[in-house]
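Note: the block below is query.txt and it holds compact mmCIF, C-alpha atoms.
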```
# COMPACT_ATOMS: atom_id res chain seq x y z
CA MET G 18 -13.03 -19.38 -164.96
CA SER G 19 -10.28 -19.07 -162.38
CA ALA G 20 -10.81 -17.31 -159.11
CA MET G 21 -8.09 -15.33 -157.38
CA HIS G 22 -7.24 -16.55 -153.94
CA THR G 23 -6.99 -13.78 -151.36
CA PRO G 24 -5.53 -14.78 -148.03
CA SER G 25 -7.86 -14.13 -145.11
CA ARG G 26 -5.04 -12.53 -143.15
CA PRO G 27 -1.60 -11.22 -144.01
CA PRO G 28 1.38 -13.51 -143.49
CA ARG G 29 3.06 -13.09 -140.15
CA ALA G 30 6.71 -12.37 -139.89
CA ARG G 31 8.62 -14.50 -137.42
CA MET G 32 10.11 -12.10 -134.95
CA PRO G 33 12.60 -13.45 -132.42
CA ILE G 34 10.99 -13.75 -128.98
CA HIS G 35 13.94 -12.19 -127.20
CA ALA G 36 13.59 -9.06 -129.34
CA MET G 37 10.24 -8.44 -127.64
CA ILE G 38 11.65 -8.91 -124.11
CA VAL G 39 14.96 -7.04 -124.47
CA PRO G 40 13.47 -3.51 -124.12
CA PHE G 41 12.59 -4.19 -120.46
CA PRO G 42 16.18 -4.62 -119.17
CA ILE G 43 17.33 -1.79 -121.45
CA VAL G 44 14.86 0.58 -119.83
CA CYS G 45 15.63 -0.68 -116.32
CA PHE G 46 19.40 -0.32 -116.66
CA THR G 47 19.12 3.11 -118.30
CA LEU G 48 16.80 4.34 -115.56
CA ALA G 49 19.21 2.91 -112.96
CA LEU G 50 21.91 5.18 -114.42
CA LEU G 51 19.55 8.16 -114.23
CA THR G 52 18.57 7.40 -110.64
CA ASP G 53 22.26 7.03 -109.74
CA ILE G 54 22.88 10.48 -111.19
CA ALA G 55 19.91 11.80 -109.21
CA PHE G 56 21.35 10.27 -106.01
CA TRP G 57 24.77 11.75 -106.76
CA GLN G 58 23.20 15.22 -107.14
CA THR G 59 20.70 15.10 -104.24
CA SER G 60 22.02 12.51 -101.72
CA ASN G 61 18.43 11.36 -101.22
CA LEU G 62 18.41 7.63 -100.33
CA MET G 63 15.16 7.16 -102.26
CA TRP G 64 17.19 7.28 -105.50
CA GLN G 65 19.54 4.57 -104.25
CA ASN G 66 16.55 2.34 -103.49
CA PHE G 67 15.10 3.02 -106.94
CA SER G 68 18.43 2.08 -108.51
CA ALA G 69 18.63 -1.17 -106.56
CA TRP G 70 15.09 -2.20 -107.59
CA LEU G 71 15.66 -1.19 -111.22
CA LEU G 72 18.85 -3.26 -111.32
CA PHE G 73 16.99 -6.23 -109.86
CA ALA G 74 14.14 -5.92 -112.39
CA GLY G 75 16.63 -5.50 -115.24
CA LEU G 76 18.49 -8.63 -114.17
CA VAL G 77 15.28 -10.67 -113.99
CA PHE G 78 14.07 -9.54 -117.41
CA GLY G 79 17.61 -9.80 -118.79
CA GLY G 80 17.78 -13.42 -117.68
CA ILE G 81 14.43 -14.12 -119.35
CA ALA G 82 15.63 -12.38 -122.52
CA ALA G 83 18.87 -14.41 -122.47
CA LEU G 84 16.91 -17.65 -122.19
CA ALA G 85 14.65 -16.57 -125.04
CA GLY G 86 17.71 -15.61 -127.10
CA ILE G 87 19.25 -19.04 -126.60
CA ILE G 88 15.98 -20.68 -127.66
CA ASP G 89 15.69 -18.39 -130.69
CA ALA G 90 19.28 -19.13 -131.71
CA ALA G 91 18.68 -22.87 -131.34
CA PHE G 92 15.64 -22.84 -133.60
CA ARG G 93 16.95 -20.30 -136.12
CA LEU G 94 20.30 -21.65 -137.14
CA SER G 95 20.66 -18.95 -139.80
CA ILE G 96 20.98 -16.29 -137.07
CA GLY G 97 23.38 -18.38 -134.99
CA GLY G 98 25.72 -18.85 -137.94
CA ASP G 99 26.19 -15.15 -138.70
CA ALA G 100 29.44 -13.53 -137.64
CA PRO G 101 27.93 -10.71 -135.52
CA ALA G 102 25.69 -13.08 -133.53
CA TRP G 103 28.45 -14.24 -131.18
CA PRO G 104 29.72 -10.74 -130.27
CA HIS G 105 26.09 -9.78 -129.59
CA ALA G 106 25.59 -12.80 -127.33
CA ILE G 107 28.86 -12.24 -125.46
CA GLY G 108 28.12 -8.51 -125.11
CA SER G 109 24.67 -9.29 -123.71
CA LEU G 110 26.21 -11.68 -121.19
CA LEU G 111 28.75 -9.02 -120.17
CA VAL G 112 25.91 -6.51 -119.69
CA LEU G 113 24.22 -8.92 -117.28
CA VAL G 114 27.49 -9.58 -115.42
CA LEU G 115 28.16 -5.83 -115.08
CA ALA G 116 24.61 -5.24 -113.88
CA PHE G 117 24.94 -8.06 -111.33
CA VAL G 118 28.19 -6.61 -109.96
CA ASN G 119 26.51 -3.21 -109.91
CA SER G 120 23.61 -4.69 -107.96
CA LEU G 121 26.07 -6.04 -105.37
CA VAL G 122 27.68 -2.61 -105.10
CA HIS G 123 24.26 -1.00 -104.64
CA ALA G 124 23.49 -3.41 -101.79
CA GLY G 125 25.76 -1.34 -99.55
CA ASP G 126 24.57 1.52 -97.38
CA GLY G 127 24.93 5.21 -97.90
CA TRP G 128 26.94 7.33 -100.25
CA THR G 129 29.62 4.74 -101.08
CA ALA G 130 26.98 2.31 -102.44
CA VAL G 131 26.50 4.55 -105.47
CA VAL G 132 29.30 7.10 -105.71
CA PRO G 133 31.72 6.54 -107.43
CA MET G 134 31.71 2.80 -108.20
CA GLY G 135 27.95 2.25 -108.65
CA LEU G 136 27.67 5.27 -110.92
CA ALA G 137 30.63 4.13 -113.01
CA LEU G 138 29.23 0.60 -113.31
CA SER G 139 25.82 1.96 -114.36
CA ALA G 140 27.44 4.12 -117.03
CA ALA G 141 29.56 1.20 -118.26
CA THR G 142 26.46 -1.03 -118.40
CA VAL G 143 24.52 1.49 -120.48
CA PHE G 144 27.49 2.03 -122.83
CA LEU G 145 27.94 -1.72 -123.32
CA MET G 146 24.19 -2.05 -123.90
CA LEU G 147 24.42 0.48 -126.74
CA VAL G 148 27.24 -1.47 -128.39
CA THR G 149 25.43 -4.78 -127.91
CA ALA G 150 22.16 -3.35 -129.26
CA TRP G 151 24.01 -2.14 -132.35
CA LEU G 152 25.50 -5.61 -132.88
CA GLY G 153 22.08 -7.23 -132.32
CA ARG G 154 20.48 -4.92 -134.86
CA ALA G 155 23.14 -5.91 -137.38
CA VAL G 156 22.24 -9.58 -136.82
CA ALA G 157 18.52 -8.87 -137.27
CA VAL G 158 19.05 -6.91 -140.49
CA ARG G 159 21.37 -9.52 -142.02
CA SER G 160 19.07 -12.42 -141.21
CA HIS G 161 15.89 -10.52 -142.22
CA ALA G 162 14.29 -11.31 -138.85
CA GLY G 163 10.69 -10.13 -138.67
CA VAL G 164 10.31 -9.88 -142.46
CA ALA G 165 7.55 -11.76 -144.26
CA TYR G 166 7.97 -12.58 -147.91
CA HIS G 167 4.94 -12.78 -150.19
CA ASP G 168 4.65 -15.35 -152.94
```
Hey, can you dump this file as structure tokens for me?
Amino acid sequence: MSAMHTPSRPPRARMPIHAMIVPFPIVCFTLALLTDIAFWQTSNLMWQNFSAWLLFAGLVFGGIAALAGIIDAAFRLSIGGDAPAWPHAIGSLLVLVLAFVNSLVHAGDGWTAVVPMGLALSAATVFLMLVTAWLGRAVAVRSHAGVAYHD
């Protein structure tokens, strides 16, 4: 008589580590845009301080996510070989560069630290993040990242 083997737990899908860290800089940079808009409308310096701290936190978590992305790409050669992976990586790097420049602009004092250049850089960062996220999602779908196959 043969017994059916039932696994004690379901198989785990291997999800890229950077995919779990990336939401933090996305939220920080998006909130930095919103706090820049709030500063533009109210002229309250509190919003400028919030923007500066959100940019800093986004850069820290973005750097961690970039490191995790490099490690993921090194160990999953199938993702690194796809065509959309390089535009996603370059776009992510450009997002961090824009955010860094934006952080330098926000280091100034008063109205000119945010309006108009800081606000424009925040908007450009969020727009580039949307494009990069779309490219990253295309990579994840094509490589079936996070999908477990059953035998």
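Counting all atoms listed in the file and comparing G:Val122, G:Leu152, G:Leu71, G:Ala36, the residue that lies closest to Gly135 in chain G is G:Val122.
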Practice problem: Compare G:Ile38, G:Leu84, G:Ala102, G:Val132 by their minimum atom-to-atom distance to Thr52 in chain G, counting all atoms listed in the file, and give me the closest one. | Solution: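 Once distances to Thr52 in chain G are computed over all atoms listed in the file, the minimum belongs to G:Val132.
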Quiz prompt | Best match for closeness to Gly127 in chain G among G:Leu76, G:Ile107, G:Leu62, G:Ala83, counting all atoms listed in the file | solution = G:Leu62
Quiz item: Which residue out of G:Phe117, G:Trp103, G:Phe41, G:Phe92 has the minimum interatomic distance to Ser139 in chain G when all atoms listed in the file are used?
Solution: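 Between G:Phe117, G:Trp103, G:Phe41, G:Phe92, the residue approaching Ser139 in chain G most closely is G:Phe117.
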Practice problem: Please measure the separation of CA of Leu136 in chain G and CA of Leu50 in chain G, giving the value in Å to one decimal. | Solution: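 Separation of CA of Leu136 in chain G and CA of Leu50 in chain G: 6.7 Å.
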Self-check item: Proximity to Gly108 in chain G - best of G:Arg93, G:Gly80, G:Gly125, G:Val148, all atoms listed in the file
Solution: G:Val148
Self-check item: One-decimal distance in Å that lies between CA of Ile43 in chain G and CA of Ala85 in chain G
Solution: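 Taking CA of Ala85 in chain G as the start and CA of Ile43 in chain G as the end point, the length is 15.4 Å.
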Quiz item: What is the CA of Ala116 in chain G-CA of Phe56 in chain G distance in Å, reported with one decimal?
Solution: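 CA of Phe56 in chain G lies 17.7 Å from CA of Ala116 in chain G.
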Self-check item: Distance query Pro40 in chain G at most 10 Å, all atoms listed in the file, self and fewer than 6 positions along chain excluded, as a list in words
Solution: Gly75, Phe78, Gly79 and Ala82 of chain G
Quiz item: For Asn119 in chain G, which residue among G:Ala49, G:Ala106, G:Ala155, G:Met37 is the nearest when counting all atoms listed in the file?
Solution: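 Comparing G:Ala49, G:Ala106, G:Ala155, G:Met37 against Asn119 in chain G, the winner is G:Ala49.
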Incomplete range 50-61 of chain G filled out to all heavy atoms as a PDB file, in the coordinates of the input:
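Writing the result to result.pdb gives the following:
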```pdb
ATOM      1  N   LEU G  50      20.865   4.151-114.246  1.00  0.00           N
ATOM      2  CA  LEU G  50      21.910   5.180-114.420  1.00  0.00           C
ATOM      3  C   LEU G  50      21.352   6.552-114.062  1.00  0.00           C
ATOM      4  O   LEU G  50      22.004   7.332-113.360  1.00  0.00           O
ATOM      5  CB  LEU G  50      22.448   5.169-115.850  1.00  0.00           C
ATOM      6  CG  LEU G  50      23.412   6.312-116.196  1.00  0.00           C
ATOM      7  CD1 LEU G  50      24.665   6.247-115.336  1.00  0.00           C
ATOM      8  CD2 LEU G  50      23.752   6.285-117.675  1.00  0.00           C
ATOM      9  N   LEU G  51      20.142   6.847-114.525  1.00  0.00           N
ATOM     10  CA  LEU G  51      19.550   8.160-114.230  1.00  0.00           C
ATOM     11  C   LEU G  51      19.265   8.339-112.741  1.00  0.00           C
ATOM     12  O   LEU G  51      19.467   9.430-112.195  1.00  0.00           O
ATOM     13  CB  LEU G  51      18.281   8.346-115.058  1.00  0.00           C
ATOM     14  CG  LEU G  51      18.490   8.417-116.577  1.00  0.00           C
ATOM     15  CD1 LEU G  51      17.160   8.534-117.295  1.00  0.00           C
ATOM     16  CD2 LEU G  51      19.416   9.558-116.948  1.00  0.00           C
ATOM     17  N   THR G  52      18.809   7.276-112.080  1.00  0.00           N
ATOM     18  CA  THR G  52      18.570   7.400-110.640  1.00  0.00           C
ATOM     19  C   THR G  52      19.875   7.473-109.855  1.00  0.00           C
ATOM     20  O   THR G  52      19.927   8.120-108.810  1.00  0.00           O
ATOM     21  CB  THR G  52      17.691   6.246-110.115  1.00  0.00           C
ATOM     22  OG1 THR G  52      18.280   5.000-110.463  1.00  0.00           O
ATOM     23  CG2 THR G  52      16.278   6.334-110.671  1.00  0.00           C
ATOM     24  N   ASP G  53      20.946   6.866-110.367  1.00  0.00           N
ATOM     25  CA  ASP G  53      22.260   7.030-109.740  1.00  0.00           C
ATOM     26  C   ASP G  53      22.735   8.477-109.854  1.00  0.00           C
ATOM     27  O   ASP G  53      23.296   9.033-108.910  1.00  0.00           O
ATOM     28  CB  ASP G  53      23.289   6.100-110.387  1.00  0.00           C
ATOM     29  CG  ASP G  53      23.182   4.674-109.907  1.00  0.00           C
ATOM     30  OD1 ASP G  53      22.426   4.420-108.946  1.00  0.00           O
ATOM     31  OD2 ASP G  53      23.848   3.807-110.507  1.00  0.00           O
ATOM     32  N   ILE G  54      22.510   9.071-111.004  1.00  0.00           N
ATOM     33  CA  ILE G  54      22.880  10.480-111.190  1.00  0.00           C
ATOM     34  C   ILE G  54      22.050  11.358-110.249  1.00  0.00           C
ATOM     35  O   ILE G  54      22.570  12.300-109.638  1.00  0.00           O
ATOM     36  CB  ILE G  54      22.706  10.894-112.661  1.00  0.00           C
ATOM     37  CG1 ILE G  54      23.749  10.183-113.528  1.00  0.00           C
ATOM     38  CG2 ILE G  54      22.819  12.412-112.824  1.00  0.00           C
ATOM     39  CD1 ILE G  54      23.539  10.327-115.022  1.00  0.00           C
ATOM     40  N   ALA G  55      20.761  11.037-110.118  1.00  0.00           N
ATOM     41  CA  ALA G  55      19.910  11.800-109.210  1.00  0.00           C
ATOM     42  C   ALA G  55      20.393  11.659-107.761  1.00  0.00           C
ATOM     43  O   ALA G  55      20.403  12.642-107.000  1.00  0.00           O
ATOM     44  CB  ALA G  55      18.459  11.342-109.329  1.00  0.00           C
ATOM     45  N   PHE G  56      20.822  10.472-107.361  1.00  0.00           N
ATOM     46  CA  PHE G  56      21.350  10.270-106.010  1.00  0.00           C
ATOM     47  C   PHE G  56      22.639  11.055-105.813  1.00  0.00           C
ATOM     48  O   PHE G  56      22.847  11.675-104.771  1.00  0.00           O
ATOM     49  CB  PHE G  56      21.589   8.788-105.726  1.00  0.00           C
ATOM     50  CG  PHE G  56      22.201   8.531-104.386  1.00  0.00           C
ATOM     51  CD1 PHE G  56      21.438   8.639-103.235  1.00  0.00           C
ATOM     52  CD2 PHE G  56      23.540   8.195-104.269  1.00  0.00           C
ATOM     53  CE1 PHE G  56      22.002   8.418-101.983  1.00  0.00           C
ATOM     54  CE2 PHE G  56      24.113   7.977-103.030  1.00  0.00           C
ATOM     55  CZ  PHE G  56      23.344   8.088-101.880  1.00  0.00           C
ATOM     56  N   TRP G  57      23.492  11.030-106.828  1.00  0.00           N
ATOM     57  CA  TRP G  57      24.770  11.750-106.760  1.00  0.00           C
ATOM     58  C   TRP G  57      24.513  13.249-106.569  1.00  0.00           C
ATOM     59  O   TRP G  57      25.225  13.913-105.823  1.00  0.00           O
ATOM     60  CB  TRP G  57      25.546  11.468-108.039  1.00  0.00           C
ATOM     61  CG  TRP G  57      26.809  12.224-108.222  1.00  0.00           C
ATOM     62  CD1 TRP G  57      27.804  12.429-107.303  1.00  0.00           C
ATOM     63  CD2 TRP G  57      27.234  12.871-109.416  1.00  0.00           C
ATOM     64  NE1 TRP G  57      28.818  13.150-107.863  1.00  0.00           N
ATOM     65  CE2 TRP G  57      28.493  13.438-109.163  1.00  0.00           C
ATOM     66  CE3 TRP G  57      26.683  13.007-110.672  1.00  0.00           C
ATOM     67  CZ2 TRP G  57      29.197  14.155-110.125  1.00  0.00           C
ATOM     68  CZ3 TRP G  57      27.388  13.709-111.640  1.00  0.00           C
ATOM     69  CH2 TRP G  57      28.626  14.275-111.366  1.00  0.00           C
ATOM     70  N   GLN G  58      23.481  13.787-107.212  1.00  0.00           N
ATOM     71  CA  GLN G  58      23.200  15.220-107.140  1.00  0.00           C
ATOM     72  C   GLN G  58      22.419  15.615-105.875  1.00  0.00           C
ATOM     73  O   GLN G  58      22.564  16.739-105.401  1.00  0.00           O
ATOM     74  CB  GLN G  58      22.411  15.661-108.377  1.00  0.00           C
ATOM     75  CG  GLN G  58      23.197  15.544-109.670  1.00  0.00           C
ATOM     76  CD  GLN G  58      24.435  16.430-109.670  1.00  0.00           C
ATOM     77  OE1 GLN G  58      24.378  17.590-109.296  1.00  0.00           O
ATOM     78  NE2 GLN G  58      25.563  15.864-110.071  1.00  0.00           N
ATOM     79  N   THR G  59      21.574  14.715-105.351  1.00  0.00           N
ATOM     80  CA  THR G  59      20.700  15.100-104.240  1.00  0.00           C
ATOM     81  C   THR G  59      21.020  14.429-102.918  1.00  0.00           C
ATOM     82  O   THR G  59      20.568  14.903-101.883  1.00  0.00           O
ATOM     83  CB  THR G  59      19.232  14.749-104.585  1.00  0.00           C
ATOM     84  OG1 THR G  59      19.106  13.331-104.692  1.00  0.00           O
ATOM     85  CG2 THR G  59      18.773  15.437-105.843  1.00  0.00           C
ATOM     86  N   SER G  60      21.726  13.318-102.911  1.00  0.00           N
ATOM     87  CA  SER G  60      22.020  12.510-101.720  1.00  0.00           C
ATOM     88  C   SER G  60      20.767  11.972-101.040  1.00  0.00           C
ATOM     89  O   SER G  60      20.791  11.617 -99.859  1.00  0.00           O
ATOM     90  CB  SER G  60      22.843  13.314-100.702  1.00  0.00           C
ATOM     91  OG  SER G  60      24.050  13.731-101.265  1.00  0.00           O
ATOM     92  N   ASN G  61      19.685  11.883-101.758  1.00  0.00           N
ATOM     93  CA  ASN G  61      18.430  11.360-101.220  1.00  0.00           C
ATOM     94  C   ASN G  61      18.459   9.833-101.394  1.00  0.00           C
ATOM     95  O   ASN G  61      18.571   9.324-102.512  1.00  0.00           O
ATOM     96  CB  ASN G  61      17.242  11.969-101.956  1.00  0.00           C
ATOM     97  CG  ASN G  61      15.924  11.621-101.328  1.00  0.00           C
ATOM     98  OD1 ASN G  61      15.823  10.688-100.541  1.00  0.00           O
ATOM     99  ND2 ASN G  61      14.900  12.386-101.680  1.00  0.00           N
TER     100      ASN G  61
END
```
